[in-house]
Amino acid sequence: MGKPKIGIYGLTGCAGDQLNIINCEDELLKLFDIFEIKSFVMASSAKDEEIELDVAFVEGSVSTEKDLEHLQEIRKKSKILVAIGHCAVYGGVQSMFMGNEEWMERYKRVYGKESAVTLTPPLEPKPLAAYVKVDAVLPGCPIEKEPFLKLAGKLAHGVVPRVPDYPVCAECKWKENECLLLKGEICLGPLTNSGCGAICPSMNIGCIGCWGPIAKENMKSEAMLLMEKGFDMDEVAKRFAIFGGVERAEALKSLVSSSTKESGK
Amino acid sequence: MRVFKLKRENFIPFMKGLSKFGELWGPVRKGDRYVYANEPPEKFVLNAIRTIVPAKKFFLPQKSTILKFKNNEWREHYDVKKRVIFGLHPCDIHALNIYHKFYTRLYPDPYYLKNRENTLIVGLSCLPDENCFCHLTDTETVNEGFDLFLTDLGDKFLVWVGSPKGDESLKLVKDLIEDTTQKDIDEYVEWRKKRRSMFKVSLDLEGMPEILTFNYDSPIWEQMGTACLSCGTCTMVCPSCTCFDVDDEFDIRTDEMNRQRYWYSCVFREYSMVAGGHNFREARSERLKLWYTHKLVGFMSEYGSPACVGCGRCVVSCPVDINVITVAKALLKEKPDAFWARMASSNVEVQHA
């Protein structure tokens with residue numbers, strides 16, 4: 001078996017995930033050794049877009065029609081497609097208010113008028129999985145070196161990695177931290193995918209949720225808990241929204257409306 | 001069991017003497033809580049109550065490599081150090097005894113056994129706070145499972161010898177200990193009375209196995225499930241929780257596969273998922289029910305005693321107040337003061353997307 005052929009691509013995002021791959025300085029040669037890199041525009045303009053890929057890593061959200069075409073091309077030629085970074089996995093911060101039908105209003109506020117951007121027609125930002133089959137994900141905003149290298153190690157050995165199904169709290173307890181929620185601080189640990197090693201809570205900073213919402217999160221309970229601790233529902237909803245992606249944006253609507261109903265606003 | 005006396009001023013030299021056995025670990029402050037840390041004995045907090053995670057971390061670490069694989073060859077991987085672990089309370093030692101049964105009876109675990117073999121366990125007496133309930137779980141005192149045990153009587157400690165290993169270790173500190181007198185014994189008896197009178201939690205825990213069995217379909221599981229964050233904290237901090245998961249990590253730097261074993265939890269969704277994607281306990285309430293019935297009923301039938309030692313870690317750690325005390329109170333029809341109960345009685349209706 002030859003080396004797996006890979007491509008690393010970016011759609012709409014800050015390119016921070018690709019940058020963090022380049023930042024694996026000491027391991028770059030090793031990465032080049034175990035993979036045959038066919039396209040990585042951020043690192044080299046030499047590329048081969050005709051060849052079939054074993055693995056494509058894609059960062060960024062689908063935010064334009066050009067993004068969508070590009071993604072579909074990548075999907076067609078790749079055996080395994082890995083979404084890397086929050087934008088690709090969940091839609092990114094740009095998707096936090098999606099689905100509330102005000103997107104075009106905000107677009108016009110930024111760009112003046114609907115037809116201002118002529119390069120490619122815009123789309124409501126969405127994660128890759130909204131359009132194509134995604135085989136594996138690596139969340140994070142941005143992704144980090146060690147989790148990426150572990151993912152790369154698995155893929156190099158033909159293993160399709162999965163995201164742990166447990167929240168940041170697990171890793172936080174492994175590190176023997178005091179619970180910040182119990183200390184009355186906003187911490188999104190219980191709602192957030194683990195994998196980061198609970199970096200922020202270990203520094204006494206509440207989790208902001210940058211690894212994205214865990215499957216079947218209990219947002220209602222955490223919201224009510226924070227309200228009981230004296231936080232305002234609007235503040236809580238905003239915190240939840242930042243890295244909540246498309247799915248949580250939908251769930252947040254019903255959460256906010258029900259709490260408003262209860263408090264009689 | 002042999003008992004000696006150690007004067008308080010000799011405590012630090014005593015600990016330093018024992019540290020010739022191995023690395024010295026004891027309870028030190030972390031924020032408002034305590035953790036076992038490898039620090040000089042001057043930093044140990046002698047009135048520390050319940051560390052954030054229990055001493056199980058020494059025998060089944062949070063995450064450890066158990067096997068390495070390279071070039072079609074594999075070998076077991078042990079990371080064993082000789083250690084003295086100081087500051088385990090009777091509840092902690094009872095929990096280790098449960099651990100011992102679990103990891104030695106049906107499938108003797110070589111990693112556990114090697115760690116255990118290389119550890120000197122030095123217990124320490126304690127005075128309960130408002131969340132301790134070892135007086136209800138029959139784990140208030142301990143007779144086995146330690147090498148040495150220190151009872152703090154103020155100007156002196158009584159040193160109980162619990163094993164041949166403990167006896168042997170006293171050779172390292174033989175100039176520091178002396179024989180007990182009748183006065184010491186009298187003081188100890190008084191101290192026990194005082195300790196007994198300090199417990200605050202009052203609850204019929206002995207009846208729990210039956211009560212849990214009768215309440216298998218109680219609506220309180222659903223109420224707790226609504227509030228449970230499935231964060232896994234209860235199981236991580238519980239000294240008798242034994243579950244782990246295993247994952248292979250490939251290190252591209254060394255071309256080596258490291259098989260990792262790490263703490264896992266029955267309250268996580270994937271825990272009960274099987275091939276094909278079916279999940280036996282999809283609902284949070286089902287997973288909570290599993291934890292409580294296993295801990296307080298299932299363990300009883302398998303090992304002869306419930307697996308709760310009354311340390312109170314779940315009581316102080318669960319953000320939504322799901323713990324042995326509030327669950328037992330609810331099953332006994334007492335109204336627990338708990339977030340999950342308040343949430344259940346609030347009338348907020350939320351439809352999840």
# chains A, B, ... in the order shown; residues from 1 in each chain; ligands from 1

$ closest_atom_pairs --of "chain A" --to "chain B" --cutoff "9 Å" --atoms "only C-alpha atoms" --output "CSV"
residue,atom,partner,partner_atom,distance
A:Glu27,CA,B:Arg253,CA,6.8
A:Lys30,CA,B:Arg253,CA,6.8
A:Leu31,CA,B:Ile252,CA,7.7
A:Ile34,CA,B:Ile252,CA,8.2
A:Leu149,CA,B:Ile252,CA,7.1
A:Lys150,CA,B:Phe250,CA,6.2
A:Leu151,CA,B:Phe250,CA,8.4
A:Ala152,CA,B:Ile252,CA,7.8
A:Gly153,CA,B:Phe250,CA,4.8
A:Lys154,CA,B:Phe250,CA,5.9
A:Ala156,CA,B:Ile252,CA,8.7
A:His157,CA,B:Phe250,CA,8.0
A:Pro164,CA,B:Glu270,CA,8.8
A:Asp165,CA,B:Glu270,CA,6.4
A:Tyr166,CA,B:Phe268,CA,6.0
A:Pro167,CA,B:Cys231,CA,6.0
A:Val168,CA,B:Cys231,CA,7.9
A:Cys169,CA,B:Cys231,CA,5.6
A:Ala170,CA,B:Gly232,CA,6.0
A:Glu171,CA,B:Gln62,CA,8.8
A:Cys172,CA,B:Thr233,CA,8.9
A:Lys173,CA,B:Met236,CA,6.5
A:Trp174,CA,B:Gln62,CA,5.5
A:Lys175,CA,B:Gln62,CA,8.3
A:Glu176,CA,B:Ile52,CA,6.0
A:Asn177,CA,B:Ile52,CA,7.4
A:Glu178,CA,B:Ile52,CA,7.2
A:Cys179,CA,B:Ser317,CA,7.3
A:Leu181,CA,B:Pro319,CA,6.5
A:Leu182,CA,B:Pro319,CA,5.8
A:Gly189,CA,B:Cys231,CA,8.0
A:Pro190,CA,B:Cys231,CA,5.2
A:Leu191,CA,B:Leu229,CA,7.8
A:Ala215,CA,B:Arg269,CA,8.8
A:Lys216,CA,B:Arg269,CA,8.4
A:Glu217,CA,B:Leu229,CA,7.4
A:Asn218,CA,B:Leu229,CA,5.6
A:Met219,CA,B:Leu229,CA,8.3
A:Lys220,CA,B:Val350,CA,7.3
A:Ser221,CA,B:Ala227,CA,5.1
A:Glu222,CA,B:Leu229,CA,7.3
A:Met224,CA,B:Met343,CA,7.6
A:Leu225,CA,B:Val320,CA,7.4
A:Glu228,CA,B:Phe339,CA,8.7
A:Glu247,CA,B:Ala353,CA,7.8
A:Arg248,CA,B:Ala353,CA,8.1
A:Glu250,CA,B:Ala353,CA,6.2
A:Ala251,CA,B:Ala353,CA,4.7
A:Leu252,CA,B:His352,CA,8.4
A:Lys253,CA,B:Ala353,CA,8.9
A:Ser254,CA,B:Gln351,CA,6.1
A:Leu255,CA,B:Val350,CA,5.8
A:Val256,CA,B:Val350,CA,8.9
A:Ser257,CA,B:Val350,CA,8.6
A:Ser258,CA,B:Val350,CA,6.0
A:Ser259,CA,B:Val348,CA,6.8
A:Lys261,CA,B:Val348,CA,8.4
A:Glu262,CA,B:Val348,CA,6.3

$ select_by_dssp --residues "segment 64-135 of chain B" --states "alpha helix (DSSP H)" --output "PyMOL selection string"
chain B and resi 90-104+110-117

$ residues_around --residues "Val315 of chain B" --least-positions-apart "4" --cutoff "10 Å" --atoms "only C-alpha atoms" --output "MDAnalysis selection string"
chainID B and resid 131:132 234 310:311 319:326

$ select_by_dssp --residues "segment 61-292 of chain B" --states "strand (DSSP E or B)" --output "PyMOL selection string"
chain B and resi 63-70+73-76+83-88+119-124+148-152+156-161+177-179+244-251+256-263+273+279

$ atom_distance --atom1 "atom CA of Pro201 of chain A" --atom2 "atom CA of Trp291 of chain B"
26.3 Å

$ atom_distance --atom1 "atom CA of Leu127 of chain B" --atom2 "atom CA of Arg195 of chain B"
5.9 Å

$ closest_residue --among "B:Pro209, B:Pro128, B:Pro27, B:Gly277" --to "Glu39 of chain B" --atoms "only C-alpha atoms"
B:Pro27

$ residues_around --residues "Ile98 of chain B" --least-positions-apart "3" --cutoff "8 Å" --atoms "only C-alpha atoms" --output "PyMOL selection string"
chain B and resi 94-95+101-102+240+307

$ residues_around --residues "Glu73 of chain A" --least-positions-apart "2" --cutoff "12 Å" --atoms "only C-alpha atoms" --output "PyMOL selection string"
chain A and resi 9+49-53+56+58+66-71+75-78+81+131-132

$ residues_around --residues "Asp109 of chain B" --least-positions-apart "6" --cutoff "12 Å" --atoms "only C-alpha atoms" --output "list in words"
Phe59, Leu60, Ile66, Tyr78, Tyr99, His100, Lys101, Phe102, Tyr103, Asn115, Arg116 and Thr242 of chain B
